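Novice: My structure file target-v7.cif, mmCIF, C-alpha atoms, is below:
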data_work
loop_
_atom_site.label_atom_id
_atom_site.label_comp_id
_atom_site.auth_asym_id
_atom_site.auth_seq_id
_atom_site.Cartn_x
_atom_site.Cartn_y
_atom_site.Cartn_z
CA MET A 1 -0.12 -40.16 14.62
CA SER A 2 -0.95 -40.07 10.93
CA ALA A 3 -0.87 -36.98 8.75
CA PRO A 4 -4.21 -35.35 8.01
CA THR A 5 -5.72 -36.64 4.79
CA ALA A 6 -6.84 -34.28 2.08
CA ASP A 7 -9.81 -36.33 0.93
CA ARG A 8 -12.30 -33.86 2.44
CA ALA A 9 -12.47 -30.11 1.87
CA PRO A 10 -12.14 -28.10 5.08
CA SER A 11 -15.42 -27.33 6.83
CA TRP A 12 -16.80 -23.79 6.47
CA TYR A 13 -18.44 -24.20 9.89
CA GLU A 14 -15.15 -25.04 11.55
CA ALA A 15 -12.97 -22.49 9.71
CA SER A 16 -11.92 -19.12 11.08
CA ALA A 17 -13.13 -15.88 9.49
CA ARG A 18 -9.74 -15.39 7.86
CA ALA A 19 -9.59 -18.95 6.55
CA ARG A 20 -13.09 -18.60 5.06
CA LEU A 21 -12.15 -15.42 3.18
CA ALA A 22 -8.91 -16.91 1.92
CA ALA A 23 -10.72 -19.98 0.59
CA LEU A 24 -13.74 -18.11 -0.79
CA LEU A 25 -11.99 -15.45 -2.86
CA ASP A 26 -9.49 -15.84 -5.68
CA ARG A 27 -6.15 -17.08 -4.40
CA ALA A 28 -4.14 -14.36 -2.57
CA SER A 29 -6.47 -11.66 -3.89
CA PHE A 30 -7.65 -10.37 -0.50
CA THR A 31 -6.38 -7.06 0.91
CA GLU A 32 -7.55 -6.26 4.41
CA PHE A 33 -8.68 -2.79 5.52
CA LEU A 34 -7.94 -1.79 9.13
CA GLY A 35 -6.16 -5.04 9.84
CA PRO A 36 -5.06 -6.30 13.25
CA ALA A 37 -1.89 -4.19 13.27
CA ALA A 38 -4.08 -1.05 13.28
CA ARG A 39 -5.34 -2.22 16.68
CA GLU A 40 -8.78 -0.69 16.29
CA THR A 41 -10.11 -2.51 19.32
CA SER A 42 -13.25 -2.15 21.41
CA PRO A 43 -13.23 0.83 23.81
CA HIS A 44 -15.92 -0.88 25.90
CA LEU A 45 -14.60 -4.35 26.72
CA PRO A 46 -11.80 -3.16 29.07
CA LEU A 47 -14.50 -1.58 31.30
CA PHE A 48 -15.79 -5.12 31.87
CA ASP A 49 -12.31 -6.58 32.26
CA LEU A 50 -12.82 -8.63 29.09
CA PRO A 51 -10.12 -9.38 26.54
CA ARG A 52 -10.16 -7.59 23.20
CA ALA A 53 -9.33 -8.84 19.71
CA PHE A 54 -7.03 -6.80 17.47
CA ASP A 55 -9.64 -6.86 14.67
CA ASP A 56 -12.68 -6.70 17.02
CA GLY A 57 -13.91 -9.97 15.54
CA ILE A 58 -14.43 -8.94 11.92
CA VAL A 59 -12.19 -8.96 8.86
CA VAL A 60 -13.06 -6.47 6.08
CA GLY A 61 -11.37 -5.76 2.78
CA ARG A 62 -11.36 -6.19 -0.96
CA GLY A 63 -10.51 -9.01 -3.29
CA THR A 64 -11.68 -10.72 -6.43
CA LEU A 65 -14.19 -13.49 -7.04
CA ASP A 66 -13.60 -15.16 -10.38
CA ASP A 67 -11.62 -12.03 -11.37
CA ARG A 68 -14.48 -9.70 -10.49
CA PRO A 69 -13.79 -7.04 -7.84
CA VAL A 70 -15.70 -7.53 -4.59
CA LEU A 71 -15.71 -6.10 -1.09
CA ALA A 72 -16.04 -8.67 1.65
CA ALA A 73 -16.52 -8.89 5.41
CA ALA A 74 -16.18 -11.99 7.59
CA GLN A 75 -17.25 -12.26 11.22
CA GLU A 76 -15.30 -14.43 13.67
CA GLY A 77 -17.94 -16.40 15.52
CA ARG A 78 -15.57 -17.66 18.18
CA PHE A 79 -14.73 -14.16 19.47
CA MET A 80 -17.65 -13.14 21.72
CA GLY A 81 -20.06 -15.12 19.55
CA GLY A 82 -19.27 -12.95 16.54
CA ALA A 83 -21.32 -10.21 18.16
CA PHE A 84 -21.62 -6.68 16.81
CA GLY A 85 -19.67 -4.25 19.00
CA GLU A 86 -19.15 -0.61 18.14
CA VAL A 87 -15.87 -1.01 16.22
CA HIS A 88 -16.85 -4.38 14.71
CA ALA A 89 -20.04 -2.82 13.32
CA ALA A 90 -18.34 0.41 12.21
CA LYS A 91 -15.92 -1.62 10.08
CA LEU A 92 -18.86 -3.22 8.24
CA THR A 93 -20.70 0.11 7.89
CA GLY A 94 -17.55 1.70 6.46
CA LEU A 95 -17.09 -1.16 3.99
CA LEU A 96 -20.68 -0.81 2.80
CA ARG A 97 -20.42 2.95 2.43
CA ALA A 98 -17.24 2.46 0.41
CA ALA A 99 -19.13 -0.02 -1.77
CA ALA A 100 -21.80 2.56 -2.58
CA GLU A 101 -19.02 4.72 -4.03
CA LEU A 102 -16.65 2.12 -5.48
CA ARG A 103 -19.43 -0.03 -6.99
CA PRO A 104 -17.72 -3.42 -6.93
CA ALA A 105 -19.36 -6.44 -8.59
CA ALA A 106 -20.76 -7.39 -5.17
CA VAL A 107 -20.42 -7.08 -1.42
CA LEU A 108 -20.13 -10.40 0.40
CA ILE A 109 -20.99 -10.64 4.09
CA LEU A 110 -19.84 -13.86 5.78
CA PHE A 111 -22.17 -13.93 8.78
CA ASP A 112 -21.23 -15.65 12.03
CA THR A 113 -22.98 -13.81 14.82
CA GLY A 114 -25.31 -14.07 17.78
CA GLY A 115 -26.32 -10.42 17.34
CA VAL A 116 -25.41 -7.31 19.29
CA ARG A 117 -22.60 -7.53 21.86
CA LEU A 118 -24.35 -7.04 25.20
CA GLN A 119 -21.44 -5.14 26.75
CA GLU A 120 -21.82 -2.40 24.14
CA ALA A 121 -25.50 -2.77 23.43
CA ASN A 122 -26.46 0.84 22.77
CA ALA A 123 -23.66 1.36 20.27
CA GLY A 124 -24.32 -2.06 18.77
CA GLU A 125 -28.08 -1.58 18.32
CA THR A 126 -27.51 1.79 16.68
CA ALA A 127 -24.91 0.22 14.43
CA ILE A 128 -27.32 -2.50 13.27
CA SER A 129 -29.57 0.25 11.93
CA GLU A 130 -26.62 2.00 10.31
CA ILE A 131 -25.57 -1.22 8.60
CA MET A 132 -29.09 -1.88 7.28
CA ARG A 133 -29.28 1.70 6.01
CA ALA A 134 -25.87 1.30 4.36
CA ILE A 135 -27.00 -1.95 2.66
CA VAL A 136 -30.03 -0.13 1.28
CA GLU A 137 -27.74 2.53 -0.20
CA VAL A 138 -25.44 -0.10 -1.72
CA ARG A 139 -28.38 -1.92 -3.29
CA ARG A 140 -29.80 1.36 -4.58
CA ALA A 141 -26.44 1.95 -6.23
CA GLY A 142 -27.02 -1.32 -8.11
CA VAL A 143 -24.49 -3.42 -6.20
CA PRO A 144 -25.74 -6.82 -4.97
CA VAL A 145 -25.12 -7.58 -1.30
CA VAL A 146 -24.87 -11.33 -0.79
CA GLY A 147 -24.94 -12.90 2.66
CA LEU A 148 -23.26 -16.25 3.38
CA VAL A 149 -24.50 -18.09 6.47
CA GLY A 150 -22.80 -21.26 7.62
CA GLY A 151 -20.87 -20.42 10.78
CA ARG A 152 -20.99 -21.66 14.35
CA ALA A 153 -23.02 -18.74 15.61
CA GLY A 154 -25.40 -18.59 12.62
CA ALA A 155 -27.00 -15.20 11.93
CA TYR A 156 -29.10 -14.20 14.93
CA GLY A 157 -30.44 -11.02 16.48
CA GLY A 158 -29.34 -7.93 14.59
CA GLY A 159 -27.36 -10.27 12.32
CA GLY A 160 -30.64 -11.92 11.31
CA LEU A 161 -32.12 -8.49 10.55
CA ILE A 162 -29.11 -7.52 8.46
CA ALA A 163 -29.31 -10.85 6.61
CA GLY A 164 -32.92 -9.97 5.80
CA THR A 165 -31.78 -6.80 4.02
CA CYS A 166 -29.29 -8.60 1.78
CA ALA A 167 -30.18 -9.04 -1.89
CA ARG A 168 -29.41 -12.75 -1.76
CA LEU A 169 -28.54 -15.31 0.92
CA VAL A 170 -26.60 -18.57 0.74
CA VAL A 171 -27.02 -20.98 3.63
CA SER A 172 -25.59 -24.36 4.54
CA GLU A 173 -27.29 -26.99 6.67
CA GLN A 174 -25.23 -25.85 9.65
CA GLY A 175 -26.16 -22.19 9.19
CA ARG A 176 -29.10 -20.80 11.12
CA ILE A 177 -30.98 -17.58 10.42
CA ALA A 178 -33.41 -16.02 12.90
CA VAL A 179 -33.83 -12.96 15.08
CA SER A 180 -34.64 -14.38 18.53
CA GLY A 181 -32.32 -17.30 19.25
CA PRO A 182 -33.39 -20.58 20.89
CA GLU A 183 -32.45 -19.53 24.42
CA VAL A 184 -34.16 -16.16 24.08
CA ILE A 185 -37.41 -17.82 23.00
CA GLU A 186 -37.19 -20.37 25.80
CA THR A 187 -36.54 -17.65 28.39
CA ASN A 188 -39.45 -15.51 27.26
CA HIS A 189 -42.04 -18.15 26.36
CA GLY A 190 -41.07 -21.22 28.33
CA VAL A 191 -39.48 -24.56 27.54
CA GLU A 192 -42.86 -25.95 26.37
CA GLU A 193 -42.83 -23.38 23.56
CA PHE A 194 -39.23 -23.96 22.53
CA ASP A 195 -36.64 -26.26 24.10
CA SER A 196 -33.29 -24.66 23.29
CA LYS A 197 -31.46 -27.86 24.30
CA ASP A 198 -33.27 -29.77 21.54
CA ARG A 199 -30.68 -29.46 18.78
CA ALA A 200 -32.85 -31.18 16.17
CA LEU A 201 -35.65 -28.69 16.89
CA VAL A 202 -33.28 -25.73 16.59
CA TRP A 203 -31.92 -26.89 13.25
CA ARG A 204 -35.22 -27.90 11.69
CA THR A 205 -36.85 -24.57 12.56
CA MET A 206 -33.96 -22.14 12.03
CA GLY A 207 -31.39 -24.17 10.07
CA GLY A 208 -30.31 -23.94 6.48
CA LYS A 209 -32.60 -26.63 5.05
CA HIS A 210 -35.72 -25.00 6.47
CA ARG A 211 -34.66 -21.53 5.35
CA ALA A 212 -33.89 -22.78 1.84
CA LEU A 213 -37.18 -24.70 1.55
CA THR A 214 -39.32 -21.78 2.72
CA GLY A 215 -37.64 -19.04 0.68
CA GLY A 216 -35.72 -17.57 3.63
CA ALA A 217 -32.49 -18.17 1.72
CA ASP A 218 -31.90 -18.24 -2.03
CA ALA A 219 -29.30 -20.95 -2.31
CA TYR A 220 -28.22 -24.00 -0.33
CA ALA A 221 -24.53 -24.87 -0.12
CA ALA A 222 -22.59 -27.81 1.26
CA ASP A 223 -20.33 -27.00 4.21
CA THR A 224 -17.29 -26.04 2.11
CA ALA A 225 -15.77 -22.80 0.82
CA GLU A 226 -15.98 -24.21 -2.70
CA ALA A 227 -19.75 -24.66 -2.43
CA PHE A 228 -20.24 -21.19 -0.94
CA ARG A 229 -18.08 -19.69 -3.69
CA ALA A 230 -20.06 -21.38 -6.45
CA ALA A 231 -23.37 -20.30 -4.89
CA ALA A 232 -22.20 -16.69 -4.38
CA LEU A 233 -21.10 -16.48 -8.02
CA ARG A 234 -24.50 -17.74 -9.17
CA LEU A 235 -26.40 -15.32 -6.96
CA ILE A 236 -24.43 -12.20 -7.84
CA ASP A 237 -25.82 -12.38 -11.34
CA ARG A 238 -29.35 -13.07 -10.13
CA ALA A 239 -29.79 -10.24 -7.64
CA PRO A 240 -33.22 -8.65 -7.88
CA ALA A 241 -33.81 -5.03 -8.76
CA PHE A 242 -34.10 -2.84 -5.68
CA ASP A 243 -37.30 -0.93 -6.28
CA LEU A 244 -40.86 -0.53 -5.07
CA GLU A 245 -42.11 -3.36 -7.25
CA THR A 246 -39.63 -5.78 -5.66
CA MET A 247 -40.57 -4.66 -2.16
CA ARG A 248 -44.28 -5.05 -2.83
CA ALA A 249 -43.78 -8.51 -4.30
CA GLU A 250 -41.72 -9.56 -1.27
CA GLN A 251 -44.33 -8.16 1.13
CA ALA A 252 -47.04 -10.10 -0.71
CA ARG A 253 -44.94 -13.29 -0.63
CA LEU A 254 -44.35 -13.01 3.10
CA GLU A 255 -48.02 -12.27 3.83
CA ALA A 256 -49.06 -15.29 1.78
CA ARG A 257 -46.48 -17.46 3.57
CA LEU A 258 -47.75 -16.39 6.98
CA GLU A 259 -51.34 -16.94 5.91
CA ARG A 260 -50.54 -20.41 4.62
CA HIS A 261 -48.21 -21.68 7.34
CA GLY A 262 -48.83 -19.42 10.32
CA THR A 263 -50.62 -22.10 12.34
CA ALA A 264 -48.18 -24.93 11.58
CA GLY A 265 -46.94 -26.67 14.72
CA ASP A 266 -43.48 -27.59 13.48
CA ALA A 267 -41.27 -27.26 10.43
CA PRO A 268 -42.07 -30.68 8.82
CA ASP A 269 -45.76 -29.65 8.72
CA ILE A 270 -44.73 -26.69 6.56
CA TRP A 271 -42.56 -28.87 4.34
CA SER A 272 -45.51 -31.26 3.81
CA ALA A 273 -47.77 -28.33 2.95
CA LEU A 274 -45.16 -27.21 0.42
CA GLY A 275 -45.43 -30.61 -1.24
CA VAL A 276 -42.08 -31.96 -0.11
CA PRO A 277 -42.28 -35.77 -0.39
CA GLU A 278 -41.44 -37.71 2.78
CA SER A 279 -40.96 -34.50 4.73
CA GLY A 280 -40.01 -36.48 7.82
CA ARG A 281 -36.80 -37.51 6.11
CA VAL A 282 -35.59 -34.04 5.12
CA SER A 283 -33.36 -33.60 8.16
CA ALA A 284 -31.53 -36.84 7.39
CA LEU A 285 -30.83 -36.08 3.71
CA GLY A 286 -27.25 -35.50 2.59
CA ASP A 287 -26.30 -32.25 0.84
CA ASP A 288 -26.58 -33.59 -2.71
CA ALA A 289 -29.91 -35.30 -2.09
CA PHE A 290 -31.28 -32.18 -0.43
CA ALA A 291 -30.11 -29.94 -3.28
CA GLU A 292 -32.02 -32.22 -5.69
CA LEU A 293 -35.11 -32.05 -3.52
CA LEU A 294 -34.83 -28.28 -3.30
CA ALA A 295 -34.57 -27.96 -7.07
CA SER A 296 -37.79 -29.95 -7.49
CA SER A 297 -39.83 -28.40 -4.66
CA GLY A 298 -39.60 -25.74 -2.02
CA ASP A 299 -40.94 -22.22 -1.99
CA SER A 300 -38.98 -20.62 -4.78
CA HIS A 301 -39.14 -16.87 -4.97
CA ASP A 302 -37.44 -14.04 -6.74
CA ALA A 303 -38.62 -11.07 -4.81
CA ARG A 304 -36.29 -10.22 -1.98
CA MET B 305 -6.89 -7.37 32.96
CA ASP B 306 -3.16 -8.10 33.42
CA ARG B 307 -0.57 -6.73 31.04
CA LEU B 308 2.83 -8.41 30.90
CA GLN B 309 5.87 -7.33 28.92
CA PHE B 310 9.01 -9.26 28.15
CA SER B 311 12.07 -8.33 26.15
CA HIS B 312 14.62 -10.80 24.82
CA GLU B 313 17.86 -10.74 22.90
CA THR B 314 18.04 -13.29 20.11
CA PRO B 315 21.07 -14.73 18.30
CA ARG B 316 19.55 -14.07 14.88
CA ALA B 317 16.60 -12.61 13.01
CA LEU B 318 13.53 -14.69 12.29
CA GLY B 319 13.72 -15.93 8.70
CA GLY B 320 11.13 -15.57 5.98
CA GLY B 321 9.58 -12.76 4.01
CA ARG B 322 6.40 -11.83 5.83
CA ASP B 323 6.17 -8.58 7.76
CA GLN B 324 3.11 -9.55 9.73
CA ALA B 325 1.13 -12.57 10.85
CA ILE B 326 -2.01 -13.03 12.90
CA LEU B 327 -3.09 -16.38 14.25
CA GLY B 328 -5.64 -17.77 16.67
CA VAL B 329 -8.82 -16.33 18.13
CA VAL B 330 -9.57 -14.73 21.49
CA ALA B 331 -11.91 -17.39 22.80
CA SER B 332 -12.09 -19.51 25.92
CA GLY B 333 -8.85 -21.50 26.24
CA ASN B 334 -7.46 -19.89 23.11
CA LEU B 335 -5.51 -16.75 22.24
CA GLU B 336 -4.50 -14.59 19.32
CA VAL B 337 -0.91 -13.87 18.40
CA LEU B 338 0.08 -10.88 16.27
CA MET B 339 3.67 -10.82 14.99
CA GLU B 340 5.14 -7.71 13.36
CA ARG B 341 8.65 -7.44 11.94
CA VAL B 342 9.43 -3.97 13.27
CA LEU B 343 12.41 -4.35 15.65
CA GLU B 344 16.19 -4.58 15.39
CA PRO B 345 17.10 -8.09 14.15
CA ASP B 346 18.50 -9.16 17.53
CA ARG B 347 15.52 -8.04 19.60
CA CYS B 348 12.19 -9.62 20.42
CA GLU B 349 9.54 -7.89 22.49
CA ILE B 350 6.42 -9.53 23.76
CA GLU B 351 3.31 -7.94 25.23
CA ILE B 352 0.54 -10.06 26.71
CA THR B 353 -2.93 -9.00 27.79
CA THR B 354 -4.71 -11.63 29.84
CA PRO B 355 -7.86 -11.72 31.94
CA LEU B 356 -6.26 -14.24 34.30
CA GLY B 357 -3.88 -12.77 36.87
CA GLY B 358 -1.21 -14.61 38.84
CA TYR B 359 0.44 -16.59 36.07
CA ASP B 360 3.36 -14.24 35.40
CA ALA B 361 5.98 -16.90 36.09
CA VAL B 362 4.29 -19.38 33.71
CA TRP B 363 4.12 -16.79 30.93
CA GLU B 364 7.75 -15.85 31.49
CA ALA B 365 8.83 -19.50 31.23
CA VAL B 366 6.76 -20.24 28.11
CA ILE B 367 7.99 -17.09 26.34
CA ALA B 368 11.63 -17.80 27.26
CA ASP B 369 11.24 -21.36 25.96
CA PHE B 370 9.69 -20.11 22.70
CA VAL B 371 12.39 -17.48 22.15
CA GLU B 372 15.04 -20.13 22.62
CA ARG B 373 13.38 -22.53 20.18
CA ALA B 374 12.41 -20.05 17.42
CA ALA B 375 14.93 -17.19 17.75
CA PRO B 376 12.28 -14.65 16.67
CA GLY B 377 14.68 -11.71 16.19
CA GLY B 378 13.20 -8.48 14.83
CA VAL B 379 9.66 -9.38 15.80
CA ARG B 380 7.25 -7.64 18.12
CA ILE B 381 4.74 -10.15 19.47
CA SER B 382 1.39 -9.04 20.84
CA ILE B 383 -0.93 -11.51 22.52
CA ASN B 384 -4.59 -11.23 23.47
CA ASP B 385 -5.19 -14.15 25.77
CA GLY B 386 -8.51 -15.87 26.40
CA GLY B 387 -7.21 -18.12 29.18
CA ALA B 388 -5.11 -20.49 27.09
CA GLN B 389 -3.08 -23.34 28.59
CA PRO B 390 0.72 -23.06 28.28
CA ASP B 391 0.89 -25.77 25.59
CA THR B 392 -1.70 -23.90 23.50
CA VAL B 393 0.30 -20.69 23.91
CA MET B 394 3.47 -22.43 22.69
CA LEU B 395 1.62 -24.02 19.77
CA ARG B 396 0.17 -20.67 18.60
CA LEU B 397 3.55 -18.93 18.95
CA LEU B 398 5.27 -21.60 16.87
CA GLN B 399 2.47 -21.52 14.27
CA ALA B 400 2.71 -17.72 14.00
CA ALA B 401 6.51 -17.89 13.68
CA ARG B 402 6.05 -20.48 10.92
CA MET B 403 3.68 -18.11 9.12
CA MET B 404 6.26 -15.31 9.35
CA GLU B 405 8.85 -17.64 7.86
CA GLY B 406 6.67 -18.20 4.79
CA GLN B 407 6.55 -16.17 1.61
CA SER B 408 5.30 -12.60 1.71
#
As structure tokens, please, write out the structure in this file.
Specialist:
Amino acid sequence: MSAPTADRAPSWYEASARARLAALLDRASFTEFLGPAARETSPHLPLFDLPRAFDDGIVVGRGTLDDRPVLAAAQEGRFMGGAFGEVHAAKLTGLLRAAAELRPAAVLILFDTGGVRLQEANAGETAISEIMRAIVEVRRAGVPVVGLVGGRAGAYGGGGLIAGTCARLVVSEQGRIAVSGPEVIETNHGVEEFDSKDRALVWRTMGGKHRALTGGADAYAADTAEAFRAAALRLIDRAPAFDLETMRAEQARLEARLERHGTAGDAPDIWSALGVPESGRVSALGDDAFAELLASSGDSHDAR
Amino acid sequence: MDRLQFSHETPRALGGGRDQAILGVVASGNLEVLMERVLEPDRCEIEITTPLGGYDAVWEAVIADFVERAAPGGVRISINDGGAQPDTVMLRLLQAARMMEGQS
């Protein structure tokens, strides 16, 4: 067996929450709050005879990004789909409330979640609202909240809602952002409406390229920590003001988008309408080629 | 949920400068291992929480094998199991011990 070669940077999609944080932030700058040794685990999972994780599937703490102080949270998508349980969510709420007081250069949320943890749904749903409220307070305090989406579980359900409240979003091709996930849509509206087994369909309608092209995310990154880091640094300095004018502009943008594309049958129809050349080839483009395409077309916006 | 506890004497303390290490994820066929340097240098205590009952003898054998190989004296080991195979358990234990042996 040969030793692993170092000719490719490790994949963000494949990395654990802890590995992503370590690679994203300045070297050895991260200090965890309520780490695994604190054993703040879910009080609900034992009732269902399910195993707990010492950190309840989320790592929160502080560090530096290019020597600027940041608070950061990373969800572990492999533990219960990165879902928001009561403790998991409370750790993120607490981090955000701390940010409103400490006023770091930014708060970074590394999403990797299917939404609320079903076994603790009431607590989880409530917590989603608390997190969104906390993000609003952080943004009102003038601190940009930047979401990074490129994990196995994407950002679905309540995670998709929270992503929508962030000041800026970075997404990779592998990342997906939506509220109802593929299987939920199929269950409620039938396989003719959405075939959740059709991976190409899932990625072209919810994946990073589509979100970037249609203004659902503000930056597109390759599947590496280095690319996410560079994009996060760019976006921190370009966060929009959080005021009524911004909200009205965003509302107008979304209304216009719905008006323009609301009857489109599939994502490539929207890309064509946006003026993307050879829209049928978008899914096959490599990261560099897609970034070039995005720079020259797509639905740019500055209103979130 | 089964909870197993083992206690071992070790000939020496685990080397290295780290007080704590966490490794692995509680997912199907995987597990997380938390090591904390909080015991007397000739003791090692292990606590395992697993959703799969009936494998006490396998756990006992894997842990005994690991303690013999790594001599993890001074370390309390806590495991949240997600139904990992014995070879995965051994791999994670050795990886966590290696982390503890690194720099603080």
Novice: Identify the residues within 12 Å of coordinate (-46.0, -29.6, 0.7) (same frame as the file), considering all atoms listed in the file, and give the answer as a PDB file with C-alpha atoms, in the coordinates of the input.
Specialist:
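Saved as selection.pdb:
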ATOM      1  CA  LEU A 213     -37.180 -24.700   1.550  1.00  0.00           C
ATOM      2  CA  THR A 214     -39.320 -21.780   2.720  1.00  0.00           C
ATOM      3  CA  ARG A 260     -50.540 -20.410   4.620  1.00  0.00           C
ATOM      4  CA  HIS A 261     -48.210 -21.680   7.340  1.00  0.00           C
ATOM      5  CA  ALA A 267     -41.270 -27.260  10.430  1.00  0.00           C
ATOM      6  CA  PRO A 268     -42.070 -30.680   8.820  1.00  0.00           C
ATOM      7  CA  ASP A 269     -45.760 -29.650   8.720  1.00  0.00           C
ATOM      8  CA  ILE A 270     -44.730 -26.690   6.560  1.00  0.00           C
ATOM      9  CA  TRP A 271     -42.560 -28.870   4.340  1.00  0.00           C
ATOM     10  CA  SER A 272     -45.510 -31.260   3.810  1.00  0.00           C
ATOM     11  CA  ALA A 273     -47.770 -28.330   2.950  1.00  0.00           C
ATOM     12  CA  LEU A 274     -45.160 -27.210   0.420  1.00  0.00           C
ATOM     13  CA  GLY A 275     -45.430 -30.610  -1.240  1.00  0.00           C
ATOM     14  CA  VAL A 276     -42.080 -31.960  -0.110  1.00  0.00           C
ATOM     15  CA  PRO A 277     -42.280 -35.770  -0.390  1.00  0.00           C
ATOM     16  CA  GLU A 278     -41.440 -37.710   2.780  1.00  0.00           C
ATOM     17  CA  SER A 279     -40.960 -34.500   4.730  1.00  0.00           C
ATOM     18  CA  GLY A 280     -40.010 -36.480   7.820  1.00  0.00           C
ATOM     19  CA  LEU A 293     -35.110 -32.050  -3.520  1.00  0.00           C
ATOM     20  CA  LEU A 294     -34.830 -28.280  -3.300  1.00  0.00           C
ATOM     21  CA  SER A 296     -37.790 -29.950  -7.490  1.00  0.00           C
ATOM     22  CA  SER A 297     -39.830 -28.400  -4.660  1.00  0.00           C
ATOM     23  CA  GLY A 298     -39.600 -25.740  -2.020  1.00  0.00           C
ATOM     24  CA  ASP A 299     -40.940 -22.220  -1.990  1.00  0.00           C
TER      25      ASP A 299
END
Novice: At a cut-off of 8 Å from (8.7, -3.8, 19.8) in the coordinates of the file, what residues are picked up using all atoms listed in the file, written as a ChimeraX atom specification?
Specialist: /B:342-343,348-350,379-381
Novice: May I have the residues within 8 Å of A:Ala219 as JSON, numbers by chain, using only C-alpha atoms and disregarding those fewer than 4 positions away in the same chain?
Specialist: {"A": [169, 170, 171, 212, 231, 235]}
Novice: For a test of reading the model, state the distance in Å between atom CA of B:Arg347 and atom CA of A:Pro51, rounded to one decimal.
Specialist: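 Computing it gives 26.6 Å between the two atoms.
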Novice: Let me know the residues the PyMOL selection byres ((chain A) within 6 of (chain B)) catches in the file above, as a PDB file with C-alpha atoms, in the frame of the given file.
Specialist:
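In the end it all went to selection27.pdb:
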ATOM      1  CA  ASP A  49     -12.310  -6.580  32.260  1.00  0.00           C
ATOM      2  CA  ARG A  78     -15.570 -17.660  18.180  1.00  0.00           C
ATOM      3  CA  PHE A  79     -14.730 -14.160  19.470  1.00  0.00           C
TER       4      PHE A  79
END
Novice: For B:Leu395, which residue among B:Ala375, B:Val366, B:Ala317, B:Ile352 is the nearest when counting all atoms listed in the file?
Specialist: B:Val366
Novice: For A:Arg211, work out the shell of residues within 10 Å, counting all atoms listed in the file and skipping chain neighbours fewer than 5 positions away, then give it as a CSV table (one decimal) with C-alpha atoms, keeping the file's coordinate frame.
Specialist:
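Wrote it out as part-v3.csv, contents follow:
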chain,number,residue,atom,x,y,z
A,169,LEU,CA,-28.5,-15.3,0.9
A,170,VAL,CA,-26.6,-18.6,0.7
A,171,VAL,CA,-27.0,-21.0,3.6
A,172,SER,CA,-25.6,-24.4,4.5
A,173,GLU,CA,-27.3,-27.0,6.7
A,175,GLY,CA,-26.2,-22.2,9.2
A,176,ARG,CA,-29.1,-20.8,11.1
A,177,ILE,CA,-31.0,-17.6,10.4
A,178,ALA,CA,-33.4,-16.0,12.9
A,203,TRP,CA,-31.9,-26.9,13.2
A,204,ARG,CA,-35.2,-27.9,11.7
A,205,THR,CA,-36.8,-24.6,12.6
A,206,MET,CA,-34.0,-22.1,12.0
A,216,GLY,CA,-35.7,-17.6,3.6
A,217,ALA,CA,-32.5,-18.2,1.7
A,218,ASP,CA,-31.9,-18.2,-2.0
A,219,ALA,CA,-29.3,-21.0,-2.3
A,220,TYR,CA,-28.2,-24.0,-0.3
A,298,GLY,CA,-39.6,-25.7,-2.0
A,299,ASP,CA,-40.9,-22.2,-2.0
Novice: Report, in Å with one decimal, the straight-line distance from atom CA of A:Asp67 to atom CA of A:Arg97.
Specialist: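 Distance reported for this atom pair: 22.2 Å.
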Novice: Give as JSON, numbers by chain the residues that the PyMOL selection byres ((chain A and resi 105-112) around 8) matches when applied to the coordinates above.
Specialist: {"A": [17, 68, 69, 70, 71, 72, 73, 74, 75, 76, 77, 81, 82, 96, 99, 103, 104, 113, 114, 143, 144, 145, 146, 147, 148, 149, 150, 151, 152, 153, 154, 155, 159, 236]}
Novice: Quick check, in Å to one decimal: how far apart do atom CA of A:Leu95 and atom CA of A:Met132 lie?
Specialist: 12.5 Å
Novice: Evaluate the PyMOL selection byres ((chain B and resi 401-406) around 9) here and jot the selected residues down as a short mmCIF file (atom, residue, chain, number, x, y, z; two decimals) with C-alpha atoms, in the coordinates of the input.
Specialist:
data_model
loop_
_atom_site.label_atom_id
_atom_site.label_comp_id
_atom_site.auth_asym_id
_atom_site.auth_seq_id
_atom_site.Cartn_x
_atom_site.Cartn_y
_atom_site.Cartn_z
CA LEU B 318 13.53 -14.69 12.29
CA GLY B 319 13.72 -15.93 8.70
CA GLY B 320 11.13 -15.57 5.98
CA GLY B 321 9.58 -12.76 4.01
CA ARG B 322 6.40 -11.83 5.83
CA ASP B 323 6.17 -8.58 7.76
CA GLN B 324 3.11 -9.55 9.73
CA ALA B 325 1.13 -12.57 10.85
CA ILE B 326 -2.01 -13.03 12.90
CA LEU B 327 -3.09 -16.38 14.25
CA MET B 339 3.67 -10.82 14.99
CA GLU B 340 5.14 -7.71 13.36
CA ARG B 341 8.65 -7.44 11.94
CA ALA B 374 12.41 -20.05 17.42
CA PRO B 376 12.28 -14.65 16.67
CA ARG B 396 0.17 -20.67 18.60
CA LEU B 397 3.55 -18.93 18.95
CA LEU B 398 5.27 -21.60 16.87
CA GLN B 399 2.47 -21.52 14.27
CA ALA B 400 2.71 -17.72 14.00
CA GLN B 407 6.55 -16.17 1.61
CA SER B 408 5.30 -12.60 1.71
#
Novice: Which one of B:Glu351, B:Gln389, B:Arg373, B:Glu344 sits closest to B:Ser311 if you count all atoms listed in the file?
Specialist: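 With all atoms listed in the file as the atom set, the closest residue is B:Glu351.
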Novice: Point out the residue among B:Val393, B:Gly357, B:Gly377, B:Trp363 with the least atom-to-atom distance to B:Thr314, counting only C-alpha atoms.
Specialist: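 Selected residue with least distance to B:Thr314: B:Gly377.
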